[in-house]
file model22.txt (compact mmCIF, C-alpha atoms)
# COMPACT_ATOMS: atom_id res chain seq x y z
CA MET A 18 -27.89 -66.89 -56.00
CA PRO A 19 -30.84 -69.05 -54.98
CA ASN A 20 -30.53 -70.24 -51.44
CA ASP A 21 -31.32 -73.30 -49.49
CA SER A 22 -32.22 -71.12 -46.61
CA GLY A 23 -34.48 -68.29 -45.89
CA PRO A 24 -34.54 -64.33 -45.81
CA ALA A 25 -34.20 -61.45 -43.50
CA PRO A 26 -37.40 -60.40 -44.97
CA VAL A 27 -37.94 -56.75 -45.29
CA ARG A 28 -40.58 -56.47 -42.62
CA LYS A 29 -43.71 -54.88 -43.96
CA SER A 30 -45.34 -52.78 -41.34
CA LYS A 31 -49.08 -53.07 -41.83
CA THR A 32 -50.56 -49.90 -40.50
CA ARG A 33 -54.01 -50.55 -39.16
CA TYR A 34 -56.07 -47.97 -37.32
CA ARG A 35 -56.99 -49.29 -33.90
CA ARG A 36 -58.90 -47.10 -31.45
CA GLN A 37 -57.66 -47.18 -27.89
CA LEU A 38 -59.97 -48.64 -25.27
CA ARG A 39 -60.17 -45.20 -23.66
CA SER A 40 -61.42 -43.73 -26.96
CA ARG A 41 -63.95 -46.53 -27.30
CA ILE A 42 -65.39 -45.79 -23.87
CA ILE A 43 -65.61 -42.06 -24.59
CA LEU A 44 -67.17 -42.72 -27.99
CA ALA A 45 -69.70 -45.09 -26.42
CA PHE A 46 -70.79 -42.43 -23.93
CA VAL A 47 -71.02 -39.76 -26.64
CA LEU A 48 -73.07 -42.00 -28.94
CA LEU A 49 -75.27 -43.11 -26.06
CA GLY A 50 -75.88 -39.54 -24.91
CA PHE A 51 -76.50 -38.27 -28.43
CA GLY A 52 -78.73 -41.22 -29.35
CA LEU A 53 -80.88 -41.03 -26.22
CA THR A 54 -81.17 -37.24 -26.38
CA ALA A 55 -82.01 -37.24 -30.09
CA LEU A 56 -84.55 -40.01 -29.61
CA PHE A 57 -86.12 -38.18 -26.68
CA ALA A 58 -86.22 -34.93 -28.70
CA TYR A 59 -87.82 -36.69 -31.66
CA ALA A 60 -90.43 -38.41 -29.48
CA THR A 61 -91.18 -35.17 -27.62
CA ASN A 62 -91.56 -33.18 -30.84
CA LEU A 63 -93.73 -35.87 -32.42
CA THR A 64 -95.96 -36.10 -29.34
CA ARG A 65 -96.28 -32.31 -29.09
CA SER A 66 -97.21 -32.05 -32.77
CA ARG A 67 -99.81 -34.80 -32.58
CA VAL A 68 -101.37 -33.50 -29.36
CA GLU A 69 -101.43 -29.95 -30.68
CA ASN A 70 -103.02 -31.01 -33.96
CA ALA A 71 -105.60 -33.09 -32.14
CA LEU A 72 -106.50 -30.20 -29.81
CA VAL A 73 -106.73 -27.68 -32.64
CA GLU A 74 -108.83 -29.97 -34.81
CA ASP A 75 -111.13 -30.77 -31.87
CA VAL A 76 -111.66 -27.07 -31.16
CA MET A 77 -112.31 -26.34 -34.82
CA ASN A 78 -114.75 -29.22 -35.22
CA ARG A 79 -116.74 -28.15 -32.16
CA ASN A 80 -116.77 -24.49 -33.25
CA ILE A 81 -117.82 -25.16 -36.84
CA SER A 82 -120.58 -27.50 -35.62
CA ALA A 83 -121.83 -24.81 -33.24
CA PHE A 84 -121.63 -22.27 -36.05
CA ALA A 85 -123.68 -24.49 -38.37
CA GLU A 86 -126.31 -25.04 -35.65
CA GLN A 87 -126.51 -21.28 -34.96
CA PHE A 88 -126.89 -20.58 -38.67
CA ALA A 89 -129.66 -23.18 -38.94
CA ARG A 90 -131.59 -21.50 -36.11
CA ASP A 91 -131.22 -17.97 -37.48
CA PRO A 92 -129.74 -17.77 -40.97
CA ARG A 93 -130.06 -14.02 -41.13
CA ASN A 94 -128.35 -13.22 -37.88
CA PRO A 95 -125.71 -15.79 -37.02
CA GLU A 96 -123.58 -14.99 -33.99
CA PHE A 97 -120.38 -16.83 -33.41
CA ALA A 98 -117.50 -15.79 -31.14
CA VAL A 99 -114.10 -17.26 -32.04
CA ASN A 100 -110.52 -16.77 -30.88
CA GLN A 101 -107.67 -16.95 -33.40
CA MET A 102 -110.27 -18.07 -35.91
CA ARG A 103 -112.29 -16.54 -38.72
CA ALA A 104 -115.64 -17.95 -39.78
CA PHE A 105 -117.12 -17.79 -43.25
CA VAL A 106 -120.54 -18.85 -44.48
CA TYR A 107 -121.72 -18.87 -48.06
CA THR A 108 -125.30 -19.44 -49.18
CA PRO A 109 -126.01 -21.20 -52.49
CA ASP A 110 -126.17 -17.92 -54.40
CA LYS A 111 -122.58 -17.22 -53.31
CA PHE A 112 -121.07 -20.61 -54.12
CA GLU A 113 -119.74 -19.26 -57.43
CA SER A 114 -117.98 -16.40 -55.62
CA VAL A 115 -116.02 -19.02 -53.62
CA ARG A 116 -114.74 -20.42 -56.92
CA ARG A 117 -113.58 -16.96 -58.03
CA ASN A 118 -112.25 -15.54 -54.78
CA ARG A 119 -110.98 -18.65 -52.95
CA PRO A 120 -110.41 -21.35 -55.55
CA GLU A 121 -108.29 -23.39 -53.08
CA TRP A 122 -111.42 -23.82 -50.89
CA TYR A 123 -113.90 -24.66 -53.59
CA ASP A 124 -113.07 -28.37 -54.12
CA LEU A 125 -112.33 -29.19 -50.50
CA SER A 126 -114.43 -31.87 -48.88
CA ASP A 127 -115.78 -31.85 -45.35
CA GLY A 128 -113.14 -32.11 -42.67
CA ILE A 129 -109.95 -30.36 -41.48
CA HIS A 130 -107.37 -29.27 -44.07
CA GLY A 131 -103.95 -27.69 -43.74
CA ILE A 132 -103.45 -24.60 -45.94
CA SER A 133 -100.23 -22.64 -46.42
CA GLY A 134 -99.42 -19.59 -48.51
CA THR A 135 -98.84 -15.84 -48.13
CA ASP A 136 -101.00 -13.02 -46.84
CA GLU A 137 -101.66 -9.62 -48.44
CA GLN A 138 -98.29 -8.32 -47.21
CA GLY A 139 -96.45 -11.32 -48.65
CA GLN A 140 -95.69 -12.84 -45.25
CA PRO A 141 -95.84 -16.62 -44.78
CA LEU A 142 -99.29 -17.74 -43.77
CA SER A 143 -100.30 -21.11 -42.38
CA TYR A 144 -103.73 -22.05 -41.15
CA LYS A 145 -106.07 -24.97 -40.72
CA LEU A 146 -109.40 -24.86 -42.47
CA ALA A 147 -112.50 -26.66 -41.23
CA VAL A 148 -114.99 -27.32 -44.03
CA ARG A 149 -118.66 -28.22 -43.69
CA LYS A 150 -120.75 -28.18 -46.87
CA THR A 151 -124.55 -28.52 -46.74
CA PRO A 152 -127.23 -27.80 -49.38
CA GLN A 153 -128.29 -24.74 -47.40
CA ALA A 154 -124.77 -23.23 -46.91
CA TRP A 155 -121.03 -23.82 -46.99
CA PHE A 156 -119.20 -23.20 -43.71
CA PHE A 157 -115.51 -22.45 -43.46
CA LEU A 158 -113.58 -21.97 -40.23
CA ALA A 159 -109.96 -20.81 -40.54
CA TYR A 160 -107.60 -21.27 -37.58
CA ASP A 161 -104.43 -19.19 -37.75
CA MET A 162 -101.39 -21.44 -37.23
CA SER A 163 -98.70 -18.75 -37.78
CA GLN A 164 -98.13 -18.19 -34.08
CA THR A 165 -98.10 -21.94 -33.52
CA MET A 166 -95.51 -22.36 -36.27
CA ARG A 167 -93.31 -19.70 -34.68
CA GLY A 168 -93.64 -21.49 -31.36
CA GLU A 169 -92.70 -24.74 -33.07
CA VAL A 170 -89.54 -23.15 -34.50
CA GLN A 171 -88.56 -21.93 -31.03
CA PHE A 172 -89.37 -25.31 -29.55
CA ASN A 173 -87.25 -27.11 -32.17
CA ARG A 174 -84.37 -24.71 -31.54
CA ALA A 175 -84.55 -25.50 -27.84
CA ILE A 176 -84.64 -29.21 -28.63
CA TYR A 177 -81.52 -28.94 -30.83
CA ILE A 178 -79.66 -26.99 -28.18
CA SER A 179 -80.62 -29.62 -25.61
CA VAL A 180 -79.26 -32.38 -27.84
CA VAL A 181 -75.94 -30.55 -28.22
CA VAL A 182 -75.68 -29.76 -24.50
CA PHE A 183 -76.45 -33.32 -23.41
CA THR A 184 -74.07 -34.73 -26.01
CA LEU A 185 -71.26 -32.52 -24.67
CA LEU A 186 -72.21 -33.56 -21.15
CA SER A 187 -71.99 -37.20 -22.25
CA LEU A 188 -68.53 -36.47 -23.68
CA VAL A 189 -67.35 -35.02 -20.36
CA VAL A 190 -68.83 -37.91 -18.39
CA GLY A 191 -67.33 -40.40 -20.86
CA MET A 192 -63.86 -38.86 -20.53
CA TRP A 193 -64.10 -38.95 -16.75
CA ALA A 194 -65.39 -42.54 -16.76
CA ALA A 195 -62.74 -43.65 -19.25
CA SER A 196 -60.02 -42.10 -17.12
CA ARG A 197 -61.27 -43.92 -14.05
CA VAL A 198 -61.77 -47.21 -15.85
CA MET A 199 -58.45 -47.12 -17.73
CA SER A 200 -56.31 -45.91 -14.84
CA PRO A 201 -55.54 -49.40 -13.45
CA VAL A 202 -55.06 -50.80 -16.95
CA SER A 203 -52.53 -48.05 -17.77
CA GLU A 204 -50.76 -48.70 -14.47
CA LEU A 205 -50.60 -52.40 -15.30
CA ALA A 206 -49.13 -51.63 -18.74
CA ASN A 207 -46.49 -49.30 -17.24
CA ARG A 208 -45.47 -51.84 -14.62
CA LEU A 209 -45.28 -54.53 -17.29
CA LYS A 210 -42.99 -52.34 -19.41
CA GLN A 211 -40.75 -51.55 -16.44
CA SER A 212 -40.48 -55.21 -15.46
CA GLY A 213 -39.13 -56.07 -18.93
CA GLY A 214 -35.73 -54.59 -18.11
CA SER A 215 -34.81 -57.28 -15.57
CA ALA A 216 -34.09 -60.96 -16.05
CA GLU A 217 -36.57 -61.92 -13.34
CA PRO A 218 -40.02 -60.43 -13.96
CA GLU A 219 -41.59 -58.43 -11.13
CA ALA A 220 -44.82 -59.73 -9.61
CA LEU A 221 -47.73 -57.57 -10.73
CA ALA A 222 -50.78 -59.00 -8.95
CA SER A 223 -49.70 -57.66 -5.54
CA HIS A 224 -50.11 -54.06 -6.76
CA PHE A 225 -53.78 -54.41 -7.76
CA PRO A 226 -57.03 -55.27 -5.98
CA ASP A 227 -58.87 -58.51 -6.60
CA ASP A 228 -60.91 -57.28 -9.54
CA GLU A 229 -60.75 -57.85 -13.31
CA VAL A 230 -57.44 -55.98 -13.62
CA GLY A 231 -56.04 -57.88 -10.66
CA GLN A 232 -57.04 -61.18 -12.30
CA LEU A 233 -55.34 -60.05 -15.52
CA ALA A 234 -52.19 -59.16 -13.55
CA GLU A 235 -52.28 -62.57 -11.86
CA ALA A 236 -52.61 -64.30 -15.24
CA LEU A 237 -49.67 -62.26 -16.58
CA ASP A 238 -47.59 -63.24 -13.56
CA ASP A 239 -48.37 -66.89 -14.19
CA TYR A 240 -47.57 -66.56 -17.89
CA ALA A 241 -44.29 -64.74 -17.15
CA GLU A 242 -43.26 -67.45 -14.70
CA ARG A 243 -43.99 -70.22 -17.20
CA LEU A 244 -42.21 -68.31 -19.95
CA THR A 245 -39.18 -67.74 -17.73
CA HIS A 246 -39.00 -71.47 -17.01
CA VAL A 247 -39.24 -72.27 -20.73
CA VAL A 248 -36.46 -69.81 -21.57
CA GLN A 249 -34.31 -71.14 -18.74
CA ARG A 250 -34.78 -74.72 -19.90
CA ASP A 251 -34.01 -73.66 -23.47
CA ARG A 252 -30.80 -71.96 -22.42
CA GLU A 253 -29.75 -74.94 -20.33
CA PHE A 254 -30.51 -77.27 -23.24
CA ASN A 255 -28.47 -75.15 -25.65
CA ALA A 256 -25.58 -74.98 -23.23
CA ASP A 257 -25.70 -78.73 -22.64
CA VAL A 258 -25.90 -79.50 -26.36
CA SER A 259 -23.06 -77.10 -27.09
CA HIS A 260 -20.91 -78.68 -24.41
CA GLU A 261 -21.70 -82.22 -25.47
CA LEU A 262 -21.04 -81.48 -29.14
CA ARG A 263 -17.77 -79.67 -28.46
CA THR A 264 -16.33 -82.74 -26.79
CA PRO A 265 -16.56 -85.12 -29.78
CA LEU A 266 -15.54 -82.29 -32.12
CA ALA A 267 -12.44 -81.71 -30.00
CA VAL A 268 -11.69 -85.43 -30.28
CA ILE A 269 -12.09 -85.26 -34.06
CA ARG A 270 -9.86 -82.20 -34.25
CA GLY A 271 -7.12 -83.83 -32.19
CA ALA A 272 -7.27 -87.06 -34.21
CA VAL A 273 -7.12 -85.21 -37.53
CA GLU A 274 -4.20 -83.06 -36.41
CA LEU A 275 -2.39 -86.19 -35.25
CA LEU A 276 -3.00 -87.94 -38.56
CA LEU A 277 -1.96 -84.90 -40.59
CA SER A 278 1.36 -84.77 -38.70
CA ARG A 279 2.43 -88.13 -40.19
CA PRO A 280 4.86 -87.59 -43.06
CA GLU A 281 4.02 -90.86 -44.86
CA LEU A 282 0.48 -89.76 -45.78
CA ASP A 283 -0.30 -89.72 -49.49
CA GLU A 284 -1.91 -86.62 -51.02
CA LYS A 285 -5.34 -88.20 -51.44
CA THR A 286 -5.57 -89.18 -47.80
CA ARG A 287 -4.20 -85.81 -46.69
CA ALA A 288 -6.87 -83.99 -48.76
CA ARG A 289 -9.60 -86.05 -47.16
CA LEU A 290 -8.26 -85.36 -43.67
CA GLN A 291 -8.08 -81.64 -44.42
CA ARG A 292 -11.70 -81.76 -45.57
CA ILE A 293 -12.65 -83.38 -42.25
CA GLN A 294 -10.68 -80.69 -40.47
CA ARG A 295 -12.55 -77.91 -42.30
CA ALA A 296 -15.89 -79.55 -41.58
CA GLU A 297 -14.99 -79.78 -37.90
CA GLN A 298 -14.08 -76.09 -37.84
CA GLN A 299 -17.33 -75.22 -39.61
CA CYS A 300 -19.32 -77.20 -37.04
CA THR A 301 -17.47 -75.51 -34.19
CA ASP A 302 -18.17 -72.05 -35.62
CA LEU A 303 -21.82 -72.89 -36.20
CA ILE A 304 -22.25 -74.17 -32.64
CA SER A 305 -20.68 -71.00 -31.25
CA ALA A 306 -22.92 -68.79 -33.38
CA LEU A 307 -26.08 -70.70 -32.45
CA LEU A 308 -25.17 -70.53 -28.78
CA LEU A 309 -24.83 -66.74 -29.05
CA LEU A 310 -28.20 -66.54 -30.77
CA SER A 311 -29.92 -68.71 -28.16
CA ARG A 312 -28.58 -66.52 -25.35
CA ASN A 313 -29.18 -63.33 -27.34
CA GLU A 314 -25.70 -62.23 -26.32
CA ARG A 315 -23.18 -60.37 -28.42
CA GLY A 316 -19.78 -61.93 -28.38
CA HIS A 317 -16.75 -59.72 -28.85
CA GLY A 318 -13.50 -59.99 -30.71
CA ALA A 319 -11.40 -58.36 -33.42
CA THR A 320 -12.10 -60.43 -36.54
CA ASP A 321 -10.33 -59.75 -39.82
CA VAL A 322 -13.08 -60.13 -42.42
CA GLY A 323 -10.61 -60.44 -45.29
CA LYS A 324 -8.84 -63.31 -43.58
CA VAL A 325 -12.12 -65.11 -42.90
CA ALA A 326 -13.21 -64.63 -46.53
CA GLU A 327 -9.92 -66.05 -47.81
CA GLN A 328 -10.21 -69.10 -45.56
CA LEU A 329 -13.78 -69.71 -46.72
CA LEU A 330 -12.80 -69.45 -50.39
CA ASP A 331 -9.86 -71.86 -49.86
CA ALA A 332 -12.23 -74.35 -48.21
CA HIS A 333 -14.68 -74.16 -51.13
CA ARG A 334 -11.91 -74.44 -53.72
CA ALA A 335 -10.96 -77.77 -52.23
CA GLN A 336 -14.54 -79.00 -52.67
CA LEU A 337 -15.19 -77.90 -56.25
CA GLY A 338 -14.30 -81.35 -57.62
CA GLY A 339 -13.55 -80.23 -61.17
CA LYS A 340 -16.48 -77.81 -61.34
CA PRO A 341 -15.66 -75.04 -63.90
CA LEU A 342 -15.92 -72.29 -61.31
CA GLU A 343 -13.39 -69.66 -60.29
CA LEU A 344 -13.42 -68.20 -56.78
CA VAL A 345 -11.92 -64.71 -56.58
CA LEU A 346 -11.18 -62.40 -53.64
CA GLU A 347 -11.02 -58.70 -54.50
CA GLY A 348 -10.92 -55.38 -52.70
CA THR A 349 -8.89 -53.83 -49.94
CA ARG A 350 -8.02 -55.66 -46.76
CA GLY A 351 -8.19 -54.20 -43.28
CA LEU A 352 -11.86 -54.53 -42.39
CA VAL A 353 -11.98 -55.61 -38.73
CA VAL A 354 -15.26 -56.05 -36.86
CA ASP A 355 -16.04 -56.38 -33.17
CA ALA A 356 -17.48 -59.89 -33.22
CA PRO A 357 -16.27 -63.47 -32.73
CA GLU A 358 -14.68 -65.07 -35.78
CA ALA A 359 -17.31 -67.82 -35.58
CA ALA A 360 -20.17 -65.33 -36.09
CA VAL A 361 -18.49 -63.66 -39.08
CA SER A 362 -17.59 -67.04 -40.56
CA VAL A 363 -21.14 -68.36 -40.31
CA ALA A 364 -22.72 -65.20 -41.76
CA LEU A 365 -20.28 -64.80 -44.64
CA GLY A 366 -19.91 -68.56 -45.13
CA ASN A 367 -23.62 -69.01 -45.85
CA LEU A 368 -23.55 -66.30 -48.52
CA ILE A 369 -20.45 -67.75 -50.19
CA GLY A 370 -21.72 -71.31 -49.81
CA ASN A 371 -25.00 -70.53 -51.56
CA ALA A 372 -23.17 -68.75 -54.37
CA VAL A 373 -20.85 -71.71 -54.93
CA LYS A 374 -23.66 -74.28 -54.66
CA TYR A 375 -25.95 -72.71 -57.27
CA THR A 376 -23.35 -71.41 -59.74
CA THR A 377 -22.51 -74.24 -62.16
CA ARG A 378 -19.87 -72.35 -64.13
CA GLY A 379 -18.25 -68.95 -64.29
CA GLU A 380 -17.03 -67.21 -61.16
CA VAL A 381 -17.89 -66.20 -57.63
CA ILE A 382 -16.33 -62.91 -56.58
CA VAL A 383 -15.97 -61.81 -52.97
CA HIS A 384 -15.36 -58.06 -53.00
CA LEU A 385 -14.17 -56.38 -49.81
CA HIS A 386 -15.29 -52.81 -49.07
CA PRO A 387 -14.36 -50.55 -46.13
CA LYS A 388 -17.56 -51.47 -44.26
CA ALA A 389 -19.11 -54.31 -46.23
CA VAL A 390 -18.56 -57.45 -48.28
CA GLU A 391 -20.16 -58.25 -51.63
CA VAL A 392 -20.58 -61.82 -52.87
CA ILE A 393 -21.23 -61.76 -56.63
CA ASP A 394 -22.00 -64.91 -58.61
CA SER A 395 -22.81 -65.75 -62.23
CA GLY A 396 -25.50 -68.26 -61.38
CA PRO A 397 -29.13 -68.57 -62.54
CA GLY A 398 -30.26 -65.37 -60.86
CA LEU A 399 -33.04 -64.58 -58.44
CA SER A 400 -36.76 -64.98 -59.09
CA GLU A 401 -39.39 -62.66 -57.62
CA GLU A 402 -40.66 -65.47 -55.40
CA ASP A 403 -37.17 -66.12 -54.05
CA ALA A 404 -36.58 -62.41 -53.45
CA ALA A 405 -39.79 -62.14 -51.42
CA LYS A 406 -39.16 -65.22 -49.23
CA LEU A 407 -35.39 -65.48 -49.28
CA PHE A 408 -34.78 -65.06 -45.56
CA GLU A 409 -37.78 -67.01 -44.28
CA ARG A 410 -36.89 -69.96 -42.12
CA GLY A 411 -37.29 -73.26 -43.97
CA TYR A 412 -37.68 -71.69 -47.43
CA ARG A 413 -35.63 -73.29 -50.19
CA GLY A 414 -35.17 -71.43 -53.44
CA THR A 415 -36.76 -72.43 -56.73
CA HIS A 416 -33.32 -73.55 -57.95
CA ALA A 417 -32.69 -75.75 -54.91
CA GLY A 418 -33.95 -78.88 -56.66
CA HIS A 419 -32.87 -82.01 -54.83
CA SER A 420 -29.89 -80.36 -53.15
CA GLN A 421 -29.31 -80.94 -49.48
CA GLY A 422 -30.21 -78.31 -46.93
CA GLY A 423 -33.07 -77.51 -44.62
CA GLY A 424 -33.56 -73.91 -45.64
CA ILE A 425 -32.24 -72.31 -42.43
CA GLY A 426 -28.85 -70.93 -43.55
CA LEU A 427 -29.93 -67.41 -44.48
CA SER A 428 -32.37 -67.41 -41.56
CA ILE A 429 -29.36 -67.80 -39.26
CA VAL A 430 -27.59 -65.01 -41.16
CA ARG A 431 -30.58 -62.73 -40.64
CA ARG A 432 -30.68 -63.47 -36.90
CA LEU A 433 -26.93 -62.82 -36.58
CA CYS A 434 -27.38 -59.49 -38.37
CA GLU A 435 -30.19 -58.53 -36.00
CA LEU A 436 -28.05 -59.47 -33.02
CA TYR A 437 -24.99 -57.47 -34.11
CA GLY A 438 -26.72 -54.62 -35.91
CA TRP A 439 -25.47 -55.68 -39.34
CA ASP A 440 -27.41 -55.57 -42.59
CA VAL A 441 -27.78 -58.27 -45.25
CA ARG A 442 -29.35 -57.86 -48.67
CA VAL A 443 -29.60 -60.18 -51.66
CA LEU A 444 -30.27 -58.51 -55.01
CA PRO A 445 -30.43 -59.60 -58.66
CA GLY A 446 -27.22 -58.97 -60.57
CA SER A 447 -27.02 -56.29 -63.25
CA ASP A 448 -26.68 -58.88 -66.04
CA LYS A 449 -27.13 -62.27 -64.43
CA GLY A 450 -26.52 -63.99 -61.14
CA VAL A 451 -27.06 -62.54 -57.67
CA VAL A 452 -25.30 -59.97 -55.50
CA ALA A 453 -25.35 -60.57 -51.72
CA ILE A 454 -24.22 -57.62 -49.57
CA LEU A 455 -23.23 -58.03 -45.92
CA THR A 456 -22.77 -54.65 -44.26
CA PHE A 457 -21.21 -54.43 -40.82
CA GLY A 458 -23.35 -51.57 -39.63
CA LYS A 459 -27.00 -50.59 -39.39
CA VAL A 460 -27.03 -48.61 -42.64
CA ALA A 461 -25.59 -50.14 -45.77
CA PRO A 462 -23.26 -47.80 -47.70
CA THR A 463 -23.58 -47.24 -51.41
CA LEU A 464 -21.40 -49.86 -53.05
CA VAL A 465 -19.83 -49.39 -56.43
call {"tool": "encode", "arguments": {"input": "model22.txt", "output": "structure tokens"}}
result
Amino acid sequence: MPNDSGPAPVRKSKTRYRRQLRSRIILAFVLLGFGLTALFAYATNLTRSRVENALVEDVMNRNISAFAEQFARDPRNPEFAVNQMRAFVYTPDKFESVRRNRPEWYDLSDGIHGISGTDEQGQPLSYKLAVRKTPQAWFFLAYDMSQTMRGEVQFNRAIYISVVVFTLLSLVVGMWAASRVMSPVSELANRLKQSGGSAEPEALASHFPDDEVGQLAEALDDYAERLTHVVQRDREFNADVSHELRTPLAVIRGAVELLLSRPELDEKTRARLQRIQRAEQQCTDLISALLLLSRNERGHGATDVGKVAEQLLDAHRAQLGGKPLELVLEGTRGLVVDAPEAAVSVALGNLIGNAVKYTTRGEVIVHLHPKAVEVIDSGPGLSEEDAAKLFERGYRGTHAGHSQGGGIGLSIVRRLCELYGWDVRVLPGSDKGVVAILTFGKVAPTLV
């Protein structure tokens, strides 16, 4: 049953992860603390390493130079006192022994070199080697870096612990700061929620100091005041329109009833007058339903759904105009709902009206259930596009063609269902056509 109106779309809840402002503040403090501490640790470690290397290399260069000078003065009796260092000197006749015994030293050029390996006991060994090669002798000065490496490990461990400690401290400070910063915002949100229960919104700005939150509260007060005026004007407009339209409709109703009371009327004229009478009743019901929607108020009443369905079918039968279409009412009577007859008539009338409009031949069946009504037609069916947009305001089905209608009928049905807690669904038929189900309750029962 394509429609000239739009659907109570199944609302798709798009779940998107959004961090709270409080979490953002805490995260900012944690990242700031971690970033600054890590950067400081890296800079400190890099500076320490460079300074240490520079000092060690300077000491080694000065010592190996002094050793070479001492050897030049007295090659047979060189004296050289070192600390944490071992000195080696090889005369030309021993150059080949360097190749055999210390092959890693043999090809080294003059300068400072880093050497790592294992000692005789298999323990890790790291040292710096100063090399000075002259035609008279080769000088090697080894500086043990094992103790320095152990100190570096301890230093790095202390640096890592400092990073963790300062990051945790940043977390604590961030939580405290976020609590202080967000406290007035949370209070504003709570007051705004509490003020929603009354018709007149409570002033918020008076509860806050003249800071950013106070300015936000003042802006909300101004917005609430303007919105209240808009709603009030809208309600007054709807009430005025409803009143002004009821007056001419009452005149039409009285005139039609007066004309229908004349016995000399021919059948053709009587049928036309009855059609005017039904149109007047339909307008009256629609005005009443729209007025309820504009006020967001539930009207009350004991409406017999079966009786309303029968009246709607009788009205459509009179307008078929020779169309090969049969309108059938099935099911058990006795379904009574707490709502005005106008609301039930508009909701059910749109479903039946769409079925009759778009079914060219066959039948339209209105089946009454204990808590629901089914409208089944043998029309062209329901496309996927129609099913997705059926209850959107202004949407007209793919089968609407050049038919009259602004595409708001099913939109009104959806709003009435939201107001009264009903449920409306439009589904493709098992073979062809469309099945519209109006359930007078929040949960639709399983219909057979």
call {"tool": "atom_distance", "arguments": {"input": "model22.txt", "atom1": "atom CA of Gln336 of chain A", "atom2": "atom CA of Gly370 of chain A"}}
result
10.9 Å
call {"tool": "atom_distance", "arguments": {"input": "model22.txt", "atom1": "atom CA of Val392 of chain A", "atom2": "atom CA of Phe408 of chain A"}}
result
16.3 Å
call {"tool": "closest_residue", "arguments": {"input": "model22.txt", "among": "A:Ala332, A:Leu262, A:Ala236, A:Val47", "to": "Phe183 of chain A", "atoms": "all atoms listed in the file"}}
result
A:Val47
call {"tool": "atom_distance", "arguments": {"input": "model22.txt", "atom1": "atom CA of Val373 of chain A", "atom2": "atom CA of Gly316 of chain A"}}
result
28.3 Å
call {"tool": "closest_atom_pairs", "arguments": {"input": "model22.txt", "of": "segment 335-397 of chain A", "to": "segment 437-444 of chain A", "cutoff": "12 Å", "atoms": "all atoms listed in the file", "output": "JSON lines"}}
result
{"residue": "A:Val354", "atom": "CA", "partner": "A:Tyr437", "partner_atom": "CA", "distance": 10.2}
{"residue": "A:Asp355", "atom": "CA", "partner": "A:Tyr437", "partner_atom": "CA", "distance": 9.1}
{"residue": "A:Ala356", "atom": "CA", "partner": "A:Tyr437", "partner_atom": "CA", "distance": 7.9}
{"residue": "A:Pro357", "atom": "CA", "partner": "A:Tyr437", "partner_atom": "CA", "distance": 10.7}
{"residue": "A:Ala360", "atom": "CA", "partner": "A:Tyr437", "partner_atom": "CA", "distance": 9.4}
{"residue": "A:Val361", "atom": "CA", "partner": "A:Tyr437", "partner_atom": "CA", "distance": 10.3}
{"residue": "A:Ala364", "atom": "CA", "partner": "A:Val441", "partner_atom": "CA", "distance": 9.3}
{"residue": "A:Leu365", "atom": "CA", "partner": "A:Val441", "partner_atom": "CA", "distance": 10.0}
{"residue": "A:Asn367", "atom": "CA", "partner": "A:Val441", "partner_atom": "CA", "distance": 11.5}
{"residue": "A:Leu368", "atom": "CA", "partner": "A:Val443", "partner_atom": "CA", "distance": 9.2}
{"residue": "A:Ile369", "atom": "CA", "partner": "A:Val443", "partner_atom": "CA", "distance": 12.0}
{"residue": "A:Asn371", "atom": "CA", "partner": "A:Val443", "partner_atom": "CA", "distance": 11.3}
{"residue": "A:Ala372", "atom": "CA", "partner": "A:Val443", "partner_atom": "CA", "distance": 11.1}
{"residue": "A:Lys388", "atom": "CA", "partner": "A:Trp439", "partner_atom": "CA", "distance": 10.2}
{"residue": "A:Ala389", "atom": "CA", "partner": "A:Asp440", "partner_atom": "CA", "distance": 9.2}
{"residue": "A:Val390", "atom": "CA", "partner": "A:Val441", "partner_atom": "CA", "distance": 9.7}
{"residue": "A:Glu391", "atom": "CA", "partner": "A:Val443", "partner_atom": "CA", "distance": 9.6}
{"residue": "A:Val392", "atom": "CA", "partner": "A:Val443", "partner_atom": "CA", "distance": 9.2}
{"residue": "A:Ile393", "atom": "CA", "partner": "A:Leu444", "partner_atom": "CA", "distance": 9.7}
{"residue": "A:Asp394", "atom": "CA", "partner": "A:Leu444", "partner_atom": "CA", "distance": 11.1}
call {"tool": "closest_residue", "arguments": {"input": "model22.txt", "among": "A:Leu352, A:Ala147, A:Leu209, A:Leu56", "to": "Ala85 of chain A", "atoms": "all atoms listed in the file"}}
result
A:Ala147
call {"tool": "closest_residue", "arguments": {"input": "model22.txt", "among": "A:Thr184, A:Pro120, A:Asn78, A:Met166", "to": "Leu142 of chain A", "atoms": "all atoms listed in the file"}}
result
A:Met166
call {"tool": "closest_residue", "arguments": {"input": "model22.txt", "among": "A:Arg149, A:Arg174, A:Arg41, A:Arg292", "to": "Asn62 of chain A", "atoms": "all atoms listed in the file"}}
result
A:Arg174
call {"tool": "axis_aligned_box", "arguments": {"input": "model22.txt", "around": "segment 368-377 of chain A", "padding_each_side": "8 Å", "output": "JSON"}}
result
{"center_x": -23.2, "center_y": -70.3, "center_z": -55.3, "size_x": 21.5, "size_y": 24.0, "size_z": 29.6}
call {"tool": "closest_residue", "arguments": {"input": "model22.txt", "among": "A:Leu188, A:Leu310, A:Ala194, A:Val345", "to": "His333 of chain A", "atoms": "only C-alpha atoms"}}
result
A:Val345
